[in-house]
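Asker: Please find work_25.csv (CSV, N, CA and C atoms) on the next line:
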chain,number,residue,atom,x,y,z
A,1,MET,N,0.7,53.2,23.0
A,1,MET,CA,-0.3,53.1,21.9
A,1,MET,C,-1.2,54.4,22.0
A,2,ALA,N,-1.4,54.9,23.2
A,2,ALA,CA,-2.3,56.1,23.4
A,2,ALA,C,-1.6,57.3,22.7
A,3,ALA,N,-0.3,57.3,22.7
A,3,ALA,CA,0.4,58.4,22.1
A,3,ALA,C,0.2,58.5,20.6
A,4,TYR,N,0.2,57.3,20.0
A,4,TYR,CA,-0.1,57.2,18.5
A,4,TYR,C,-1.5,57.6,18.2
A,5,ALA,N,-2.5,57.3,19.1
A,5,ALA,CA,-3.9,57.6,18.9
A,5,ALA,C,-4.1,59.1,19.0
A,6,ALA,N,-3.3,59.8,19.9
A,6,ALA,CA,-3.4,61.2,20.1
A,6,ALA,C,-2.7,62.0,19.0
A,7,ALA,N,-1.7,61.3,18.4
A,7,ALA,CA,-0.9,62.0,17.4
A,7,ALA,C,-1.6,62.3,16.1
A,8,LEU,N,-2.6,61.4,15.7
A,8,LEU,CA,-3.3,61.6,14.5
A,8,LEU,C,-4.2,62.8,14.5
A,9,PRO,N,-5.0,63.1,15.5
A,9,PRO,CA,-5.7,64.3,15.5
A,9,PRO,C,-4.9,65.6,15.6
A,10,VAL,N,-3.7,65.4,16.3
A,10,VAL,CA,-2.8,66.6,16.3
A,10,VAL,C,-2.2,66.8,14.9
A,11,LEU,N,-1.9,65.8,14.2
A,11,LEU,CA,-1.3,65.9,12.9
A,11,LEU,C,-2.4,66.5,12.0
A,12,ALA,N,-3.6,66.1,12.1
A,12,ALA,CA,-4.7,66.7,11.3
A,12,ALA,C,-4.9,68.2,11.6
A,13,GLY,N,-4.8,68.5,12.8
A,13,GLY,CA,-4.9,69.9,13.2
A,13,GLY,C,-3.8,70.8,12.7
A,14,VAL,N,-2.6,70.2,12.8
A,14,VAL,CA,-1.4,70.9,12.2
A,14,VAL,C,-1.6,71.1,10.7
A,15,LEU,N,-2.0,70.1,10.0
A,15,LEU,CA,-2.3,70.2,8.6
A,15,LEU,C,-3.3,71.3,8.3
A,16,LEU,N,-4.4,71.4,9.0
A,16,LEU,CA,-5.4,72.4,8.8
A,16,LEU,C,-4.8,73.8,9.1
A,17,THR,N,-4.1,73.9,10.1
A,17,THR,CA,-3.4,75.2,10.5
A,17,THR,C,-2.5,75.7,9.4
A,18,LEU,N,-1.7,74.8,8.9
A,18,LEU,CA,-0.7,75.1,7.8
A,18,LEU,C,-1.5,75.4,6.5
A,19,ALA,N,-2.6,74.7,6.3
A,19,ALA,CA,-3.4,75.0,5.1
A,19,ALA,C,-3.9,76.4,5.2
A,20,GLY,N,-4.4,76.8,6.3
A,20,GLY,CA,-5.0,78.2,6.5
A,20,GLY,C,-3.9,79.2,6.4
A,21,MET,N,-2.7,79.0,6.9
A,21,MET,CA,-1.6,79.9,6.8
A,21,MET,C,-1.1,80.0,5.4
A,22,GLU,N,-1.1,78.9,4.7
A,22,GLU,CA,-0.7,79.0,3.2
A,22,GLU,C,-1.7,79.7,2.4
A,23,LEU,N,-3.0,79.5,2.7
A,23,LEU,CA,-4.0,80.2,2.0
A,23,LEU,C,-3.9,81.7,2.2
A,24,ALA,N,-3.7,82.1,3.5
A,24,ALA,CA,-3.6,83.5,3.8
A,24,ALA,C,-2.4,84.2,3.2
A,25,TRP,N,-1.2,83.5,3.2
A,25,TRP,CA,0.0,83.9,2.6
A,25,TRP,C,-0.2,84.1,1.0
A,26,LYS,N,-0.9,83.2,0.4
A,26,LYS,CA,-1.1,83.2,-1.0
A,26,LYS,C,-2.1,84.4,-1.4
A,27,ARG,N,-3.0,84.7,-0.5
A,27,ARG,CA,-4.0,85.8,-0.8
A,27,ARG,C,-3.3,87.1,-0.6
A,28,PHE,N,-2.4,87.2,0.4
A,28,PHE,CA,-1.7,88.5,0.6
A,28,PHE,C,-0.6,88.8,-0.4
A,29,THR,N,0.2,87.8,-0.7
A,29,THR,CA,1.3,88.0,-1.6
A,29,THR,C,1.1,87.6,-3.0
A,30,GLY,N,0.1,86.7,-3.3
A,30,GLY,CA,-0.1,86.2,-4.6
A,30,GLY,C,0.8,85.1,-5.1
A,31,ARG,N,1.6,84.6,-4.2
A,31,ARG,CA,2.5,83.5,-4.6
A,31,ARG,C,2.6,82.5,-3.4
A,32,GLY,N,3.1,81.3,-3.8
A,32,GLY,CA,3.3,80.2,-2.8
A,32,GLY,C,4.4,80.5,-1.9
A,33,LEU,N,4.5,79.7,-0.9
A,33,LEU,CA,5.6,79.8,0.1
A,33,LEU,C,7.0,79.3,-0.4
A,34,LEU,N,6.9,78.2,-1.1
A,34,LEU,CA,8.2,77.6,-1.6
A,34,LEU,C,8.5,78.0,-3.0
A,35,PRO,N,9.8,78.2,-3.4
A,35,PRO,CA,10.1,78.7,-4.7
A,35,PRO,C,9.6,77.9,-5.8
A,36,TRP,N,9.5,76.5,-5.7
A,36,TRP,CA,9.0,75.7,-6.8
A,36,TRP,C,7.5,75.7,-6.9
A,37,LEU,N,6.9,76.3,-5.9
A,37,LEU,CA,5.4,76.4,-5.9
A,37,LEU,C,4.9,77.8,-6.1
A,38,ARG,N,5.7,78.6,-6.7
A,38,ARG,CA,5.4,80.1,-6.8
A,38,ARG,C,4.4,80.4,-7.9
A,39,ARG,N,4.0,79.4,-8.7
A,39,ARG,CA,3.0,79.6,-9.8
A,39,ARG,C,1.7,79.8,-9.1
A,40,ARG,N,0.8,80.5,-9.8
A,40,ARG,CA,-0.5,80.7,-9.3
A,40,ARG,C,-1.4,79.4,-9.4
A,41,SER,N,-1.1,78.7,-10.5
A,41,SER,CA,-1.9,77.4,-10.6
A,41,SER,C,-1.0,76.3,-10.1
A,42,GLY,N,-1.6,75.1,-10.0
A,42,GLY,CA,-0.9,74.0,-9.5
A,42,GLY,C,-1.4,73.5,-8.2
A,43,THR,N,-0.9,72.4,-7.7
A,43,THR,CA,-1.3,71.9,-6.4
A,43,THR,C,-0.7,72.6,-5.2
A,44,PRO,N,-1.5,73.1,-4.3
A,44,PRO,CA,-0.9,73.8,-3.1
A,44,PRO,C,-0.2,72.8,-2.3
A,45,LEU,N,0.7,73.3,-1.5
A,45,LEU,CA,1.5,72.4,-0.6
A,45,LEU,C,0.6,71.7,0.4
A,46,SER,N,-0.4,72.4,0.9
A,46,SER,CA,-1.3,71.8,1.9
A,46,SER,C,-2.1,70.6,1.3
A,47,ALA,N,-2.5,70.7,0.0
A,47,ALA,CA,-3.2,69.6,-0.6
A,47,ALA,C,-2.4,68.4,-0.7
A,48,THR,N,-1.1,68.6,-1.0
A,48,THR,CA,-0.2,67.4,-1.0
A,48,THR,C,-0.1,66.8,0.4
A,49,GLY,N,0.0,67.6,1.4
A,49,GLY,CA,0.0,67.0,2.8
A,49,GLY,C,-1.3,66.3,3.1
A,50,PHE,N,-2.4,66.8,2.7
A,50,PHE,CA,-3.7,66.1,3.0
A,50,PHE,C,-3.8,64.8,2.2
A,51,GLU,N,-3.2,64.8,1.0
A,51,GLU,CA,-3.3,63.5,0.2
A,51,GLU,C,-2.4,62.5,0.8
A,52,GLU,N,-1.2,62.9,1.3
A,52,GLU,CA,-0.4,61.9,1.9
A,52,GLU,C,-1.0,61.4,3.3
A,53,PHE,N,-1.7,62.3,4.0
A,53,PHE,CA,-2.3,61.9,5.2
A,53,PHE,C,-3.4,60.9,4.9
A,54,THR,N,-4.2,61.1,3.8
A,54,THR,CA,-5.2,60.2,3.4
A,54,THR,C,-4.7,58.9,2.9
A,55,ALA,N,-3.5,58.9,2.3
A,55,ALA,CA,-2.9,57.7,1.8
A,55,ALA,C,-2.5,56.7,2.9
A,56,ILE,N,-2.3,57.3,4.1
A,56,ILE,CA,-2.0,56.4,5.3
A,56,ILE,C,-3.2,55.4,5.6
A,57,PHE,N,-4.4,55.9,5.4
A,57,PHE,CA,-5.6,55.2,5.8
A,57,PHE,C,-6.2,54.5,4.6
A,58,GLN,N,-6.0,54.9,3.4
A,58,GLN,CA,-6.7,54.3,2.2
A,58,GLN,C,-5.6,53.8,1.3
A,59,GLY,N,-5.5,52.5,1.1
A,59,GLY,CA,-4.5,51.9,0.3
A,59,GLY,C,-4.7,52.3,-1.2
A,60,SER,N,-5.9,52.5,-1.6
A,60,SER,CA,-6.1,52.9,-3.0
A,60,SER,C,-5.7,54.3,-3.3
A,61,LYS,N,-5.5,55.2,-2.3
A,61,LYS,CA,-5.1,56.5,-2.5
A,61,LYS,C,-3.6,56.5,-3.0
A,62,ARG,N,-2.8,55.6,-2.5
A,62,ARG,CA,-1.4,55.6,-2.9
A,62,ARG,C,-1.3,55.2,-4.4
A,63,THR,N,-2.2,54.3,-4.9
A,63,THR,CA,-2.3,53.9,-6.3
A,63,THR,C,-2.7,55.1,-7.1
A,64,GLU,N,-3.7,55.8,-6.6
A,64,GLU,CA,-4.2,57.0,-7.3
A,64,GLU,C,-3.1,58.1,-7.5
A,65,LEU,N,-2.3,58.3,-6.5
A,65,LEU,CA,-1.2,59.3,-6.5
A,65,LEU,C,-0.2,58.8,-7.5
A,66,ALA,N,0.1,57.5,-7.5
A,66,ALA,CA,1.1,57.0,-8.5
A,66,ALA,C,0.6,57.2,-9.9
A,67,HIS,N,-0.7,56.9,-10.1
A,67,HIS,CA,-1.3,57.1,-11.5
A,67,HIS,C,-1.3,58.5,-11.9
A,68,ARG,N,-1.5,59.5,-11.0
A,68,ARG,CA,-1.4,60.9,-11.4
A,68,ARG,C,0.0,61.3,-11.8
A,69,GLN,N,1.0,60.7,-11.1
A,69,GLN,CA,2.4,61.0,-11.5
A,69,GLN,C,2.7,60.5,-12.9
A,70,ILE,N,2.2,59.3,-13.2
A,70,ILE,CA,2.4,58.7,-14.5
A,70,ILE,C,1.8,59.5,-15.6
A,71,GLN,N,0.5,60.0,-15.3
A,71,GLN,CA,-0.2,60.8,-16.3
A,71,GLN,C,0.5,62.1,-16.6
A,72,LEU,N,1.2,62.7,-15.6
A,72,LEU,CA,1.9,63.9,-15.8
A,72,LEU,C,3.0,63.8,-16.8
A,73,VAL,N,3.7,62.7,-16.9
A,73,VAL,CA,4.9,62.5,-17.7
A,73,VAL,C,4.5,61.9,-19.1
A,74,LEU,N,3.3,61.4,-19.3
A,74,LEU,CA,3.0,60.9,-20.6
A,74,LEU,C,2.7,61.9,-21.6
A,75,ARG,N,3.0,61.7,-22.9
A,75,ARG,CA,2.8,62.6,-23.9
A,75,ARG,C,1.4,62.4,-24.5
A,76,HIS,N,0.8,63.5,-25.0
A,76,HIS,CA,-0.5,63.4,-25.7
A,76,HIS,C,-0.2,63.7,-27.2
A,77,ASP,N,-0.3,62.7,-28.0
A,77,ASP,CA,-0.1,62.9,-29.4
A,77,ASP,C,-1.4,63.0,-30.2
A,78,GLU,N,-1.3,63.5,-31.4
A,78,GLU,CA,-2.6,63.6,-32.2
A,78,GLU,C,-3.1,62.2,-32.5
A,79,SER,N,-2.3,61.2,-32.5
A,79,SER,CA,-2.7,59.9,-32.8
A,79,SER,C,-3.4,59.2,-31.6
A,80,ASP,N,-3.4,59.9,-30.5
A,80,ASP,CA,-4.1,59.4,-29.3
A,80,ASP,C,-5.6,59.5,-29.4
A,81,GLY,N,-6.1,60.2,-30.3
A,81,GLY,CA,-7.5,60.4,-30.5
A,81,GLY,C,-8.0,61.7,-29.8
A,82,ALA,N,-7.2,62.4,-29.1
A,82,ALA,CA,-7.5,63.6,-28.5
A,82,ALA,C,-7.5,64.7,-29.6
A,83,PRO,N,-8.3,65.8,-29.5
A,83,PRO,CA,-8.2,66.8,-30.5
A,83,PRO,C,-6.8,67.5,-30.4
A,84,PRO,N,-6.2,67.8,-31.5
A,84,PRO,CA,-4.8,68.4,-31.5
A,84,PRO,C,-4.9,69.8,-30.9
A,85,THR,N,-3.9,70.1,-30.1
A,85,THR,CA,-3.7,71.4,-29.5
A,85,THR,C,-2.8,72.3,-30.3
A,86,THR,N,-1.9,71.6,-31.1
A,86,THR,CA,-0.9,72.4,-31.9
A,86,THR,C,-0.7,71.7,-33.2
A,87,ARG,N,-0.6,72.5,-34.3
A,87,ARG,CA,-0.3,72.0,-35.6
A,87,ARG,C,0.8,72.8,-36.2
A,88,ILE,N,1.9,72.2,-36.6
A,88,ILE,CA,3.0,73.0,-37.2
A,88,ILE,C,3.3,72.5,-38.6
A,89,ASP,N,3.2,73.4,-39.5
A,89,ASP,CA,3.5,73.1,-40.9
A,89,ASP,C,4.8,73.8,-41.3
A,90,LEU,N,5.9,73.0,-41.4
A,90,LEU,CA,7.2,73.6,-41.7
A,90,LEU,C,7.3,74.1,-43.1
A,91,ASP,N,6.6,73.4,-44.0
A,91,ASP,CA,6.7,73.8,-45.4
A,91,ASP,C,6.1,75.2,-45.7
A,92,GLN,N,5.0,75.5,-45.0
A,92,GLN,CA,4.4,76.8,-45.2
A,92,GLN,C,4.8,77.8,-44.1
A,93,GLY,N,5.5,77.4,-43.1
A,93,GLY,CA,5.9,78.3,-42.0
A,93,GLY,C,4.8,78.7,-41.1
A,94,ILE,N,3.8,77.8,-40.9
A,94,ILE,CA,2.6,78.2,-40.1
A,94,ILE,C,2.6,77.3,-38.9
A,95,ALA,N,2.3,77.9,-37.8
A,95,ALA,CA,2.1,77.2,-36.5
A,95,ALA,C,0.8,77.6,-35.9
A,96,VAL,N,-0.1,76.6,-35.6
A,96,VAL,CA,-1.4,76.9,-35.0
A,96,VAL,C,-1.4,76.3,-33.6
A,97,ILE,N,-1.7,77.2,-32.6
A,97,ILE,CA,-1.7,76.8,-31.3
A,97,ILE,C,-3.1,77.1,-30.7
A,98,THR,N,-3.8,76.1,-30.2
A,98,THR,CA,-5.1,76.2,-29.7
A,98,THR,C,-5.0,76.4,-28.2
A,99,ARG,N,-5.5,77.5,-27.7
A,99,ARG,CA,-5.5,77.7,-26.2
A,99,ARG,C,-6.7,76.9,-25.6
A,100,PRO,N,-6.5,76.3,-24.5
A,100,PRO,CA,-7.5,75.5,-23.8
A,100,PRO,C,-8.6,76.5,-23.3
A,101,ARG,N,-9.8,76.0,-23.2
A,101,ARG,CA,-10.9,76.9,-22.7
A,101,ARG,C,-10.7,76.9,-21.2
A,102,PRO,N,-11.2,78.0,-20.5
A,102,PRO,CA,-11.0,78.1,-19.1
A,102,PRO,C,-11.6,77.0,-18.3
A,103,GLY,N,-12.6,76.3,-18.7
A,103,GLY,CA,-13.3,75.2,-18.0
A,103,GLY,C,-12.6,73.9,-18.1
A,104,ASP,N,-11.7,73.8,-19.1
A,104,ASP,CA,-11.1,72.5,-19.4
A,104,ASP,C,-9.9,72.3,-18.5
A,105,GLU,N,-9.7,71.1,-18.1
A,105,GLU,CA,-8.5,70.7,-17.3
A,105,GLU,C,-7.4,70.4,-18.2
A,106,ALA,N,-6.1,70.7,-17.9
A,106,ALA,CA,-5.0,70.3,-18.6
A,106,ALA,C,-4.7,68.9,-18.3
A,107,ARG,N,-4.7,68.0,-19.3
A,107,ARG,CA,-4.4,66.6,-19.1
A,107,ARG,C,-3.1,66.2,-19.6
Can the structure from this file be put into structure tokens for me?
Answerer:
Amino acid sequence: MAAYAAALPVLAGVLLTLAGMELAWKRFTGRGLLPWLRRRSGTPLSATGFEEFTAIFQGSKRTELAHRQIQLVLRHDESDGAPPTTRIDLDQGIAVITRPRPGDEAR
């Protein structure tokens, strides 16, 4: 039982070390470590590790993570009540694309 109690602080320390290394790598090279995380935006690998570590102790965190995954795959239509980001008129051959403001989050 003492080994499990000692493993949690060690795991937290390893996560912090990896987060620091990932941050340093991203600052020097401008990209992430893994090929599918090479975008500048998005969730860093260390954030995912911390969220899973938190989910061990908080049952509601697992529900929150599942809700985020569901929100990522849902469509946002004009009929949802959100302001439209694109309008396409095929008859006139016009497409209007509204770029999000820098302060807005992509939902």
Asker: In Å to one decimal, how far is atom CA of Phe50 of chain A from atom C of Ala3 of chain A?
Answerer: 19.6 Å
Asker: Have a look at A:Val73, A:Ala66, A:Arg31, A:Gly13 and name the one nearest to Gly49 of chain A; count only C-alpha atoms.
Answerer: A:Gly13
Asker: Under the rule that only N, CA and C atoms are counted, which of A:Ala47, A:Ile88, A:Ala5, A:Ala55 is the nearest residue to Ala19 of chain A?
Answerer: A:Ala47
Asker: Could you jot down the atom C of Glu22 of chain A to atom CA of Arg99 of chain A separation for me, Å, one decimal place?
Answerer: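 Interatomic distance, atom C of Glu22 of chain A to atom CA of Arg99 of chain A: 28.9 Å.
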Asker: Kindly give the distance, in Å, that separates atom CA of Glu51 of chain A and atom CA of Pro9 of chain A, rounded to a single decimal.
Answerer: 15.5 Å
